[in-house]
Structures are given as structure tokens and as C-alpha cells.
Number of protein chains: 2
Amino acid sequence: MITRRAILAAALLPAARLRAQTRVERWDVHDVNLDGPRDGNPFLDVRLSATFRNQHRAVEVDGFYDGNGAYKVRFSPDSEGEWSYTTRSNRRELDGKTGSFACTRPAASNHGPVGVRNTFHFGYADGKPYFPFGTTCYAWTHQPDPLQQQTIETLRTAPFNKMRMCVFPKWYAFNRDEPRLLPFPRSGSENDYTRFVPEFWHNLETRVQQLQSMGIEADLILFHPYDHWGYALMPPEVDERYLRYAVARLAAYRNVWWSVANEWDLVKGKKPSDWDNYFRILQTADPYSRLRGIHHSRVMYDHGKAWVTHASIQGDDFAKTPEWRDTWRKPVVWDECKYEGNIPQRWGDISAQEMTRRFWLGTVYGGYVGHGETYLEPKDILWWSKGGVLHGDSPKRIAFLRSIIESGPPDGLAPIPNAYYPAAAKAGEYYLYYLDYHQPERANFDLPAEAKFEADVIDPWAMTIARSPGTYSGKFELKMPGRPGMAVRFRKVA
Amino acid sequence: MITRRAILAAALLPAARLRAQTRVERWDVHDVNLDGPRDGNPFLDVRLSATFRNQHRAVEVDGFYDGNGAYKVRFSPDSEGEWSYTTRSNRRELDGKTGSFACTRPAASNHGPVGVRNTFHFGYADGKPYFPFGTTCYAWTHQPDPLQQQTIETLRTAPFNKMRMCVFPKWYAFNRDEPRLLPFPRSGSENDYTRFVPEFWHNLETRVQQLQSMGIEADLILFHPYDHWGYALMPPEVDERYLRYAVARLAAYRNVWWSVANEWDLVKGKKPSDWDNYFRILQTADPYSRLRGIHHSRVMYDHGKAWVTHASIQGDDFAKTPEWRDTWRKPVVWDECKYEGNIPQRWGDISAQEMTRRFWLGTVYGGYVGHGETYLEPKDILWWSKGGVLHGDSPKRIAFLRSIIESGPPDGLAPIPNAYYPAAAKAGEYYLYYLDYHQPERANFDLPAEAKFEADVIDPWAMTIARSPGTYSGKFELKMPGRPGMAVRFRKVA
């Protein structure tokens, strides 16, 4: 196997000689590796960037210092063809370096980054739909290596394609461990905010790439209030340096999303305009415009602001989704609707049935719902924060729902206003109803009269799909099992 | 057995002779029976009332024509001791009649009428608490006799102590039968609003009395929109005559409540001020000031108006109860929170689990909840309207909740603001929590530190109560079964 490191080392040789050798998949990562000064404080003293050119386009990308005299400019090309670059630096040994590479057709498993599509939905850059079915392990990358590896193994067979995770470590109930690695050097209770700890960031990059290899988006939470190191209240210039360093290192990974905060309104000492400013920094620094959201506790950030790409919601009032879609004209992602579990905190003790119900409700109201789990564990390894293994009964039901949604209309579903039961549809073609606590023997439906539909009665808990005999049009009553928690799918007969 | 009729016939003899014989229990009914004119239209032409006197008090009561020359003034004395009366009429043969009776101590089963007590609660006149656990059979008194009798038999062992029922018959889905008796004479599609049909009213009185004998309050709905006879839109003078006739006949029964309307806002052709006027008529005509409410569909009547004794609510947003209590300073009764059943109408297809849940939620938020049932039945005999038998699984759970509430503080419970789980309490003495979809292994509670409480973990569905070992004070975690739908009761140790 030719490692990326080997390829990239080769890229430092004259471009003409290597044109045939250096190949980078579209949407994959190309690191320009440079040796540079170790004197002084390179994190503060050395400025480095590169301009990457493809035909008429020029993309400006900031580099970063990776310790031990190693400098990198990390880039992800979004177009196939020949790319060349020239570096720029305030240090002569890093300035004016040039190179090129061929951006090639992506592998079959590489669909590119996820972006907003069709106003309320998401899709990969190659056209494949992306329906978020996320989970949450806030601090999994701050755990001992074997536990991080166990989390990766769990995710291989879990139904999740998005992971909400914090860049900074977490200090909170069930989370009172000092991680081995921190983002900044720390001595006693003093942080050296003028430097970063490359090993911390290497680990984070590795985990982001492992998620990518499993088709999981990394929804990176940049600030949060569960802090005892000081990261929640750094000087503004450190916040900006931190954000720009994170972008320089991580934005090139195509599965990265930016979550500016978890529970932004619980972070004491920041002004509302500080949060606007973080968005502005991300917009300026990130050459790829990765997705940007912000998560709240009690006071919602104004998701209508132009720099917010999708609304990241905490709550369970799913019926609000249609109104929010109409107001913000953006996807609505219920990233936190409480956690399946049994801890004494009431946000972490909902049943698997209730979590399953919430996924269905959020879906039929036109949103996307995220999972979390908080079952007590002898060593306090709760999935919600540390990862490890899943104990709950909702994930397999989430997998079932995901399979239904992924086999449905690729452009996503829209909630039906005033539907008799909450429902989402692609009008005229596909209708998905969720009956929640209703248990009719025969249920009322009203479909377009001019088409014929086949009907499936779905049991979201038992995970069964039963085709109803015949076809259906207009107003009719459908025979139902007479028990609560059912769903019904109608698909137009070709 | 000496019938009331025999006693009352005797009451027409000179009072002095009968003082020892005519005895009426406190809060029971004394009919003054008079023979009078049959000519013309006695319903319109004859005015009759009586003044009942006890010590310094005089109570004015309207009489009514009962057909076949029979006139009655129906009275319920609220004080023990000697009562005398004098009639007044525009017809000489009914005017100036006098009589008296002795009002005696009530039987053990007679607790008097229910009134509002302790602002948000109810109690019988004799001091016994009354916690409403109602059900609904809108049109049960308009069904064939054997079905009415079956309803009575069902109610004997059902957990309900209030019945919502319409005076007028009902025309609606599952209700397309012409009743044998109607309140007004009808020929073809023509109503004779100048007369009443005494037999119709006799039957209604019989049913109200049967309910009374079983300890069930009769919440009589005076107007409703499910009409095809014309009763929903009669001339205003007929509305008033109807109300005054209903009051004259029925108000004396101590278990009568007035519900001015079911879904008042769905009755087309009436102005909001018409409803105010109906309340005013009831206030004027009813000597006993029986409880008065009004039920809505989408637009709530202003329950803050002085003549509304309690808020009769349709809906399921139980968390609003505390705010409404604070606003209206009246009891909040969730008379309609949908129906356990399986019909195609979504208001009539909720599961028994959901109905049970709703009873608990309404209770811990400081309200009272009413039941209804709509299971399909081969002859369209659905409990919600026609009565008959109960098919559902919620009634026995409602009985279980009722037993808990009736063994709790007699003055009722108040919701705890911002409780960690919804809870109602008598502060310092008794706390009832409902955990709904939460399933903690150990649950957080915060009780007064200065007292000791015993704890019971209650399973509202399994109907079990398990005493937790030890006593509890202040902030603590209680071991829980780790499954959803639990409740917890804390009682101060004596």
C-alpha cells in the first residue's frame, strides 16, 4: 500500500516530474508538506497559506504548523483535473513553493461532502441523497484509545450516519476524567493558548477520517459550556486562532460539519455577537463552506441568519417543524430530543419506545432526528458522551426507519399541512403517515384521486411492513391492526 | 314502601295536620303537586311558582306543567328544619296554596350537592371531598329502554362519578337513530316549541335520579351542534323557555351540573353573547346555583367570566393546567381528552395506555380528567354516545387512580411549579409524581428537609403500589424500576 504520506512527500519534488504520479481523488485530501522553522513560536510567528489553481479558479487555503518543524497546507479538491499550487509565507523557506497534482474520479464509496439540497434536505456532492440519522458521543475522542476504538467498532454496525462530537473535552456529570491529550499545552491549571498540541489534533483527525470511512459525518462542536479547563471563555483572539487552526486542519475532510456550539446559551461570559463572529470566522476561513449550525438549550439562536446552513434543534415539539421550515427555509435537524437511558437526569431517561416515537414524529413533520443514549454503566461509560457500546433498543428501530426513508423519494419529504395524522410526502407519489397513540380499526386517508397507490402498514417497533391488499385513491378507509404506534406508507403504482 | 307520590299527595292537605308526617331529607327533592287547568296551552298560559321558607330565608322556585292537568313545584331543601311554602300563579286554582314539611338529616349515602371548594377543587355539601372522575355518554337517555338500563348496570361497577350527557338527542356519525321520545312535540319535521313532551322529561329525570343513587353527578349538556331536529337553532324565546323548564324540572336533583354547551363554538347561528345570556338565565332561574360550565371545540369560552364555576376543557395540553388555574382561579376539568377506541375519527382512537397516561398527566398538573370510549360495535353502540357496556382497558386504571386520589389529601392537590417531573402536592404532606416516558434507574426528588416521607412506587398500568424501604427527606435519589410510565407517591410519616 502506498501511504498518503509517501505520495505527499513525493509532491514536494518539482511538479513537472511528478505530474503523472501524484493523484488525489476528488473530495479527498491533499497535504502539502513543508519543512520549516522550529525557532520561536511557529504557531504565532509563522504565517503560511497556499493558492490552489484549477483552470480559471484559485482557492486560498491556510496552512498550519504541526510541530517538529513540519508545516502543512491541507486541501481537498472539488473538481477533477490538474491542480497546481503556490505557497505564501512570511518565512522564506516556506514561501513560493509550488507543486501540482491530478485530481481523479472519486472511488465508488466517495460521494463527496454533504450540502443542503432542495431547501429542506441534504445531499452528497455526487448527487446521492443524504438523510441524517445522527447520534451523539460528545467526548468520545477524549477517552482512552481502546475505548475510542470500541466506539469505532460499535459504529460499524450502528444505523448512524452523523456523529455530534466536541473538539474540546467535556467536564460534566459522568465525565470527570482528565484526558491524556488536550488541544493546548497545559501546566497545572495554566493553558498556553499560544500553542497547540499537535498530537491532540492528530488523534481528532484520525477519528474524523475513520468516521468518514464508515460514511459518518462528523458534526464537530467547536464550543460548549461543560468546561473546567477554560476553553469556554478564552480571550477573543484565542477563540479566533483556535477556530482558524481547526479549520486549517479539519475543513478539508469532506465529512466535517461545524456546530459552533452545544447549548450556546449556557456558555457564560460570551455575548450573542460573539457567536455571530464565530460564524463569520468560519465563513471566511473555510474554503469549502462546510455545513454550519448551532445548538441551544433554552434560548434559540436565530437560525434565519444567513450563515446558518441548517437549524440544529434541541427539544421535542416536533409539530413546530413545518412552521420553522417555512420561516427559515432550511433543513430542520432535531439533533437532541433527549436520550434513551435510565440516568437520574430527566433528559437522559426516556424509553426506547419514546425515542423511536420521536424519530417518527420528527420525520413525518418534515425534520431529521438525532439519537443519543444514556444507560448507566459500571464505569460511567455512557454512549452519549464517551461512546463504547450501545445498550438501547431504539437503534435497530432507527435503522428500520432509515431503510424506509432511504428507499423513499431521493429529494426528501415535505410535511402535509393539516394532515389527519401527521404525515410527510412527495406530493402525488409518496406519503408516509405516523399514527402515534391512535389505534383505529380503519383509518381515514385522503390521497390524490387521479392516481393509484399501494399501501403498506408499518409497525415501527416490531419493524414489520405489511402490504395491504388492493390499491387506493382519493378518500378511503384503510384496514389497520387496531393497535397504537403504527405508520402507513402509500406509494404510487407505476 | 311509601312512594314519594303518596307522601306528596298528603302534603296537599292542611299543613298543620301533616307536620309530623311529611319528611324530606336534606338535599333531597320535595315535589309540590297541584292539579290545574288543562285548557289552552298550559305550558305557555299558566305561570306557577312557590316561595319556600325556612326561618329567615325565602327561596323562590318556578313550577312546571307536567301534562294531564298535573303541575309541580320541585324543591330541594338545603337546611334541616321546618319549611313552609306558598304558591303563586296567574290561575286561581294554583295560587296561594300552602304547605310545609320537615327537612330531616340526610341518609348516610346523601352527601348533598357538589360545589367548588378550596378554589380549584370540589366537595359535597356535607364536607365529603368530591374528585371528578367522569365519563361521557352523550345520548344514552335517548336510546331504547333496555340499552339505557344496560348503561345503568355498567355504571354500577364502573369507576366514574360524573356523566356528561345531552338533554337533546344527538345526530352524528354512529348516531342516526330517531329516539322514541323528543323534548318537544314533533310532527314530520315540524317542532311545536310551545309545548314540551312530559314523558321525555320523566325519563330524563329517572335517569338523573338513577345516577344520583349510584353517586354519579349528571353533567347535563343543554345545547350542542349535533342536531337535525332544529334544537341547536331555536328562537331565543324558546331557548329561554327550554332552559327555564329544564331548571324547573331538574335543578332540584342534587347531582345536576349544567354544561351550557358541548362544543359551543361549533353551533352555527348563535352569537357569543347568546351563550352569556344562557348562563345568565341559569343563574337567575336555578335556586341552587348548580355548577355551570361550557365546553368548546377550537375556540375556548372565557372561563374567567364570573358565572362559570369551573373550566370544562377539551384538549390534551395538560401542562397548561397550572397557568389556567392561576388565571381563572377555578377548577380545571379536562372533560374531553379524546376517547379510548378504534374508530376512524382520530379523536376516538386513542389507546388505553394513552388514556391512562392522560388521566395521570391531567391529575399531576392540578386538573381533573374525564373518560370516553369509542370502540366499534356491530350495532354502533359506542359508549361515548349511547352507553351500553365498556370494552376498554383504561377504566380499571382510572379506578386505580381514583382510589389513590381519594385516599390522598381531602382538600385536593396543587401542581408544583417547575417540578423535575410533573407533580401535584399538598405542600409538606403529600406529593404525587408522574414520570410518563421517563425511565430512570434512580430518580431525583426534592422534598422538604424538615419532614420524613415514606415513598411508594406506583405502576399506573399494572396497578401496583410498592413501598420503598426507608424514609426520605430533602434532595435524594429514589430507586426506580427503570421502566417508563411510573408514578411515585410520598406521604409524610406521622
# chains A, B, ... in the order shown; residues from 1 in each chain; ligands from 1
call {"tool": "interface_residues", "arguments": {"of": "chain B", "to": "chain A", "cutoff": "12 Å", "atoms": "only C-alpha atoms", "output": "PyMOL selection string"}}
result
chain B and resi 338-358+374-377+419-422+435-445+476-486
call {"tool": "select_by_dssp", "arguments": {"residues": "range 38-215 of chain B", "states": "helix (DSSP H, G or I)", "output": "PyMOL selection string"}}
result
chain B and resi 42-45+92-94+140-142+145-157+198-213
call {"tool": "write_last_selection", "arguments": {"atoms": "N, CA and C atoms", "output": "short mmCIF file (atom, residue, chain, number, x, y, z; two decimals), in the first residue's frame"}}
result
data_model
loop_
_atom_site.label_atom_id
_atom_site.label_comp_id
_atom_site.auth_asym_id
_atom_site.auth_seq_id
_atom_site.Cartn_x
_atom_site.Cartn_y
_atom_site.Cartn_z
N PRO B 42 -101.28 25.02 28.62
CA PRO B 42 -100.77 25.31 29.97
C PRO B 42 -99.28 25.65 29.99
N PHE B 43 -98.50 25.09 29.05
CA PHE B 43 -97.05 25.36 29.03
C PHE B 43 -96.78 26.86 28.86
N LEU B 44 -97.66 27.49 28.05
CA LEU B 44 -97.46 28.92 27.80
C LEU B 44 -98.34 29.80 28.69
N ASP B 45 -99.54 29.31 28.97
CA ASP B 45 -100.54 30.19 29.56
C ASP B 45 -100.44 30.28 31.08
N ARG B 92 -106.24 30.90 39.43
CA ARG B 92 -106.70 30.87 40.80
C ARG B 92 -106.55 29.50 41.45
N GLU B 93 -106.81 28.42 40.66
CA GLU B 93 -106.77 27.10 41.27
C GLU B 93 -105.36 26.68 41.68
N LEU B 94 -104.35 27.41 41.23
CA LEU B 94 -102.96 27.08 41.60
C LEU B 94 -102.34 28.12 42.54
N TRP B 140 -77.16 8.75 25.88
CA TRP B 140 -77.61 7.46 26.44
C TRP B 140 -79.07 7.48 26.83
N THR B 141 -79.60 8.63 27.21
CA THR B 141 -81.01 8.67 27.62
C THR B 141 -81.96 8.71 26.43
N HIS B 142 -81.41 8.74 25.22
CA HIS B 142 -82.26 8.75 24.01
C HIS B 142 -82.28 7.39 23.34
N ASP B 145 -85.09 1.63 25.89
CA ASP B 145 -85.03 1.40 27.34
C ASP B 145 -84.04 0.33 27.78
N PRO B 146 -84.02 -0.85 27.11
CA PRO B 146 -83.09 -1.88 27.60
C PRO B 146 -81.63 -1.42 27.54
N LEU B 147 -81.31 -0.60 26.55
CA LEU B 147 -79.94 -0.10 26.44
C LEU B 147 -79.67 0.92 27.56
N GLN B 148 -80.64 1.76 27.86
CA GLN B 148 -80.47 2.69 28.98
C GLN B 148 -80.24 1.90 30.27
N GLN B 149 -81.01 0.82 30.42
CA GLN B 149 -80.87 0.02 31.63
C GLN B 149 -79.50 -0.65 31.69
N GLN B 150 -79.03 -1.10 30.51
CA GLN B 150 -77.70 -1.71 30.46
C GLN B 150 -76.62 -0.70 30.86
N THR B 151 -76.77 0.53 30.42
CA THR B 151 -75.82 1.58 30.80
C THR B 151 -75.78 1.75 32.31
N ILE B 152 -76.97 1.78 32.89
CA ILE B 152 -77.04 1.88 34.35
C ILE B 152 -76.30 0.72 35.01
N GLU B 153 -76.53 -0.48 34.48
CA GLU B 153 -75.86 -1.65 35.07
C GLU B 153 -74.34 -1.53 34.94
N THR B 154 -73.89 -1.07 33.80
CA THR B 154 -72.44 -0.89 33.60
C THR B 154 -71.87 0.10 34.60
N LEU B 155 -72.61 1.19 34.78
CA LEU B 155 -72.12 2.25 35.67
C LEU B 155 -72.00 1.80 37.12
N ARG B 156 -72.78 0.78 37.47
CA ARG B 156 -72.73 0.32 38.87
C ARG B 156 -71.33 -0.11 39.28
N THR B 157 -70.60 -0.69 38.35
CA THR B 157 -69.27 -1.19 38.71
C THR B 157 -68.16 -0.41 38.01
N PRO B 198 -93.89 15.71 28.31
CA PRO B 198 -93.55 15.32 29.69
C PRO B 198 -92.88 13.96 29.78
N GLU B 199 -93.26 13.01 28.96
CA GLU B 199 -92.67 11.66 29.05
C GLU B 199 -91.17 11.69 28.79
N PHE B 200 -90.77 12.53 27.83
CA PHE B 200 -89.32 12.69 27.58
C PHE B 200 -88.62 13.14 28.86
N TRP B 201 -89.23 14.12 29.51
CA TRP B 201 -88.59 14.70 30.70
C TRP B 201 -88.68 13.76 31.90
N HIS B 202 -89.77 12.98 31.97
CA HIS B 202 -89.84 11.96 33.03
C HIS B 202 -88.67 11.00 32.93
N ASN B 203 -88.41 10.57 31.70
CA ASN B 203 -87.32 9.61 31.50
C ASN B 203 -85.99 10.22 31.92
N LEU B 204 -85.77 11.47 31.49
CA LEU B 204 -84.51 12.13 31.85
C LEU B 204 -84.38 12.24 33.37
N GLU B 205 -85.45 12.60 34.03
CA GLU B 205 -85.43 12.70 35.49
C GLU B 205 -85.12 11.36 36.14
N THR B 206 -85.75 10.31 35.61
CA THR B 206 -85.49 8.97 36.14
C THR B 206 -84.01 8.63 36.04
N ARG B 207 -83.44 8.94 34.88
CA ARG B 207 -82.03 8.60 34.68
C ARG B 207 -81.11 9.43 35.59
N VAL B 208 -81.46 10.69 35.73
CA VAL B 208 -80.66 11.55 36.62
C VAL B 208 -80.73 10.99 38.05
N GLN B 209 -81.91 10.55 38.46
CA GLN B 209 -82.05 10.01 39.81
C GLN B 209 -81.31 8.68 39.96
N GLN B 210 -81.32 7.88 38.89
CA GLN B 210 -80.57 6.63 38.97
C GLN B 210 -79.07 6.90 39.10
N LEU B 211 -78.61 7.88 38.37
CA LEU B 211 -77.20 8.26 38.52
C LEU B 211 -76.93 8.69 39.96
N GLN B 212 -77.83 9.52 40.45
CA GLN B 212 -77.65 10.01 41.83
C GLN B 212 -77.54 8.86 42.82
N SER B 213 -78.37 7.84 42.62
CA SER B 213 -78.37 6.73 43.55
C SER B 213 -77.06 5.95 43.51
#
call {"tool": "select_by_dssp", "arguments": {"residues": "range 363-420 of chain B", "states": "strand (DSSP E or B)", "output": "PyMOL selection string"}}
result
chain B and resi 368-369+373-374+414-415
call {"tool": "closest_residue", "arguments": {"among": "A:Asp316, A:Cys103, A:Tyr71, A:Arg53", "to": "Val29 in chain A", "atoms": "only C-alpha atoms"}}
result
A:Cys103
call {"tool": "atom_distance", "arguments": {"atom1": "CA of Ala311 in chain A", "atom2": "CA of Ile221 in chain A"}}
result
14.3 Å
call {"tool": "residues_around", "arguments": {"residues": "Arg91 in chain A", "least_positions_apart": "4", "cutoff": "8 Å", "atoms": "only C-alpha atoms", "output": "list in words"}}
result
Val46, Arg47 and Asp95 of chain A
call {"tool": "residues_around", "arguments": {"residues": "Tyr193 in chain A", "least_positions_apart": "2", "cutoff": "12 Å", "atoms": "only C-alpha atoms", "output": "PyMOL selection string"}}
result
chain A and resi 41+43-44+182-187+190-191+195-197+229-231+233-242
call {"tool": "residues_around", "arguments": {"residues": "Ala423 in chain A", "least_positions_apart": "4", "cutoff": "7 Å", "atoms": "only C-alpha atoms", "output": "list in words"}}
result
Val364, Tyr365, Pro415, Ile416, Ala419, Tyr431, Leu432, Tyr433 and Tyr434 of chain A
call {"tool": "residues_around", "arguments": {"residues": "Val114 in chain A", "least_positions_apart": "5", "cutoff": "7 Å", "atoms": "only C-alpha atoms", "output": "count of residues only"}}
result
4
call {"tool": "atom_distance", "arguments": {"atom1": "CA of Leu413 in chain A", "atom2": "CA of Val116 in chain A"}}
result
14.1 Å
call {"tool": "residues_around", "arguments": {"residues": "Arg74 in chain B", "least_positions_apart": "3", "cutoff": "10 Å", "atoms": "only C-alpha atoms", "output": "PyMOL selection string"}}
result
chain B and resi 29-33+49-50+61-64+71+247-253
call {"tool": "write_last_selection", "arguments": {"atoms": "N, CA and C atoms", "output": "PDB file, in the first residue's frame"}}
result
ATOM      1  N   VAL B  29     -85.481  15.782  47.302  1.00  0.00           N
ATOM      2  CA  VAL B  29     -86.434  16.546  46.498  1.00  0.00           C
ATOM      3  C   VAL B  29     -87.828  16.454  47.090  1.00  0.00           C
ATOM      4  N   HIS B  30     -88.463  17.596  47.160  1.00  0.00           N
ATOM      5  CA  HIS B  30     -89.864  17.669  47.568  1.00  0.00           C
ATOM      6  C   HIS B  30     -90.666  18.261  46.410  1.00  0.00           C
ATOM      7  N   ASP B  31     -91.591  17.478  45.895  1.00  0.00           N
ATOM      8  CA  ASP B  31     -92.469  17.973  44.831  1.00  0.00           C
ATOM      9  C   ASP B  31     -93.779  18.455  45.434  1.00  0.00           C
ATOM     10  N   VAL B  32     -94.115  19.689  45.155  1.00  0.00           N
ATOM     11  CA  VAL B  32     -95.460  20.160  45.465  1.00  0.00           C
ATOM     12  C   VAL B  32     -96.318  19.852  44.250  1.00  0.00           C
ATOM     13  N   ASN B  33     -97.267  18.941  44.420  1.00  0.00           N
ATOM     14  CA  ASN B  33     -98.101  18.506  43.293  1.00  0.00           C
ATOM     15  C   ASN B  33     -99.451  19.199  43.342  1.00  0.00           C
ATOM     16  N   SER B  49     -95.302  29.444  40.561  1.00  0.00           N
ATOM     17  CA  SER B  49     -94.062  29.385  41.344  1.00  0.00           C
ATOM     18  C   SER B  49     -94.441  29.199  42.805  1.00  0.00           C
ATOM     19  N   ALA B  50     -93.430  29.018  43.629  1.00  0.00           N
ATOM     20  CA  ALA B  50     -93.700  28.904  45.062  1.00  0.00           C
ATOM     21  C   ALA B  50     -92.544  29.522  45.823  1.00  0.00           C
ATOM     22  N   VAL B  61     -89.080  29.473  43.744  1.00  0.00           N
ATOM     23  CA  VAL B  61     -88.859  28.337  42.848  1.00  0.00           C
ATOM     24  C   VAL B  61     -89.957  28.308  41.795  1.00  0.00           C
ATOM     25  N   ASP B  62     -89.584  28.199  40.535  1.00  0.00           N
ATOM     26  CA  ASP B  62     -90.569  28.070  39.468  1.00  0.00           C
ATOM     27  C   ASP B  62     -91.115  26.643  39.406  1.00  0.00           C
ATOM     28  N   GLY B  63     -92.401  26.548  39.151  1.00  0.00           N
ATOM     29  CA  GLY B  63     -93.017  25.257  38.918  1.00  0.00           C
ATOM     30  C   GLY B  63     -93.065  24.944  37.432  1.00  0.00           C
ATOM     31  N   PHE B  64     -93.658  23.820  37.110  1.00  0.00           N
ATOM     32  CA  PHE B  64     -93.765  23.441  35.691  1.00  0.00           C
ATOM     33  C   PHE B  64     -95.009  22.585  35.476  1.00  0.00           C
ATOM     34  N   TYR B  71     -99.470  19.801  37.804  1.00  0.00           N
ATOM     35  CA  TYR B  71     -98.476  20.882  37.973  1.00  0.00           C
ATOM     36  C   TYR B  71     -97.589  20.521  39.149  1.00  0.00           C
ATOM     37  N   VAL B 247     -84.586  23.769  34.135  1.00  0.00           N
ATOM     38  CA  VAL B 247     -84.212  24.124  35.506  1.00  0.00           C
ATOM     39  C   VAL B 247     -85.339  23.755  36.469  1.00  0.00           C
ATOM     40  N   ALA B 248     -86.587  24.095  36.088  1.00  0.00           N
ATOM     41  CA  ALA B 248     -87.714  23.815  36.983  1.00  0.00           C
ATOM     42  C   ALA B 248     -87.835  22.325  37.259  1.00  0.00           C
ATOM     43  N   ARG B 249     -87.526  21.513  36.242  1.00  0.00           N
ATOM     44  CA  ARG B 249     -87.681  20.071  36.400  1.00  0.00           C
ATOM     45  C   ARG B 249     -86.468  19.424  37.061  1.00  0.00           C
ATOM     46  N   LEU B 250     -85.286  19.921  36.738  1.00  0.00           N
ATOM     47  CA  LEU B 250     -84.084  19.157  37.048  1.00  0.00           C
ATOM     48  C   LEU B 250     -83.179  19.744  38.128  1.00  0.00           C
ATOM     49  N   ALA B 251     -83.229  21.048  38.303  1.00  0.00           N
ATOM     50  CA  ALA B 251     -82.248  21.671  39.201  1.00  0.00           C
ATOM     51  C   ALA B 251     -82.345  21.127  40.622  1.00  0.00           C
ATOM     52  N   ALA B 252     -83.531  20.658  41.015  1.00  0.00           N
ATOM     53  CA  ALA B 252     -83.693  20.186  42.395  1.00  0.00           C
ATOM     54  C   ALA B 252     -82.902  18.905  42.671  1.00  0.00           C
ATOM     55  N   TYR B 253     -82.540  18.155  41.609  1.00  0.00           N
ATOM     56  CA  TYR B 253     -81.751  16.941  41.848  1.00  0.00           C
ATOM     57  C   TYR B 253     -80.321  17.348  42.173  1.00  0.00           C
TER      58      TYR B 253
END
call {"tool": "closest_residue", "arguments": {"among": "A:Ala427, A:Ala70, A:Ala414, A:Ala494", "to": "Lys452 in chain A", "atoms": "only C-alpha atoms"}}
result
A:Ala494
call {"tool": "closest_residue", "arguments": {"among": "B:Glu373, B:Asp335, B:Asp274, B:Asp66", "to": "His296 in chain B", "atoms": "only C-alpha atoms"}}
result
B:Asp335
call {"tool": "atom_distance", "arguments": {"atom1": "CA of Arg23 in chain B", "atom2": "CA of Tyr85 in chain B"}}
result
14.2 Å
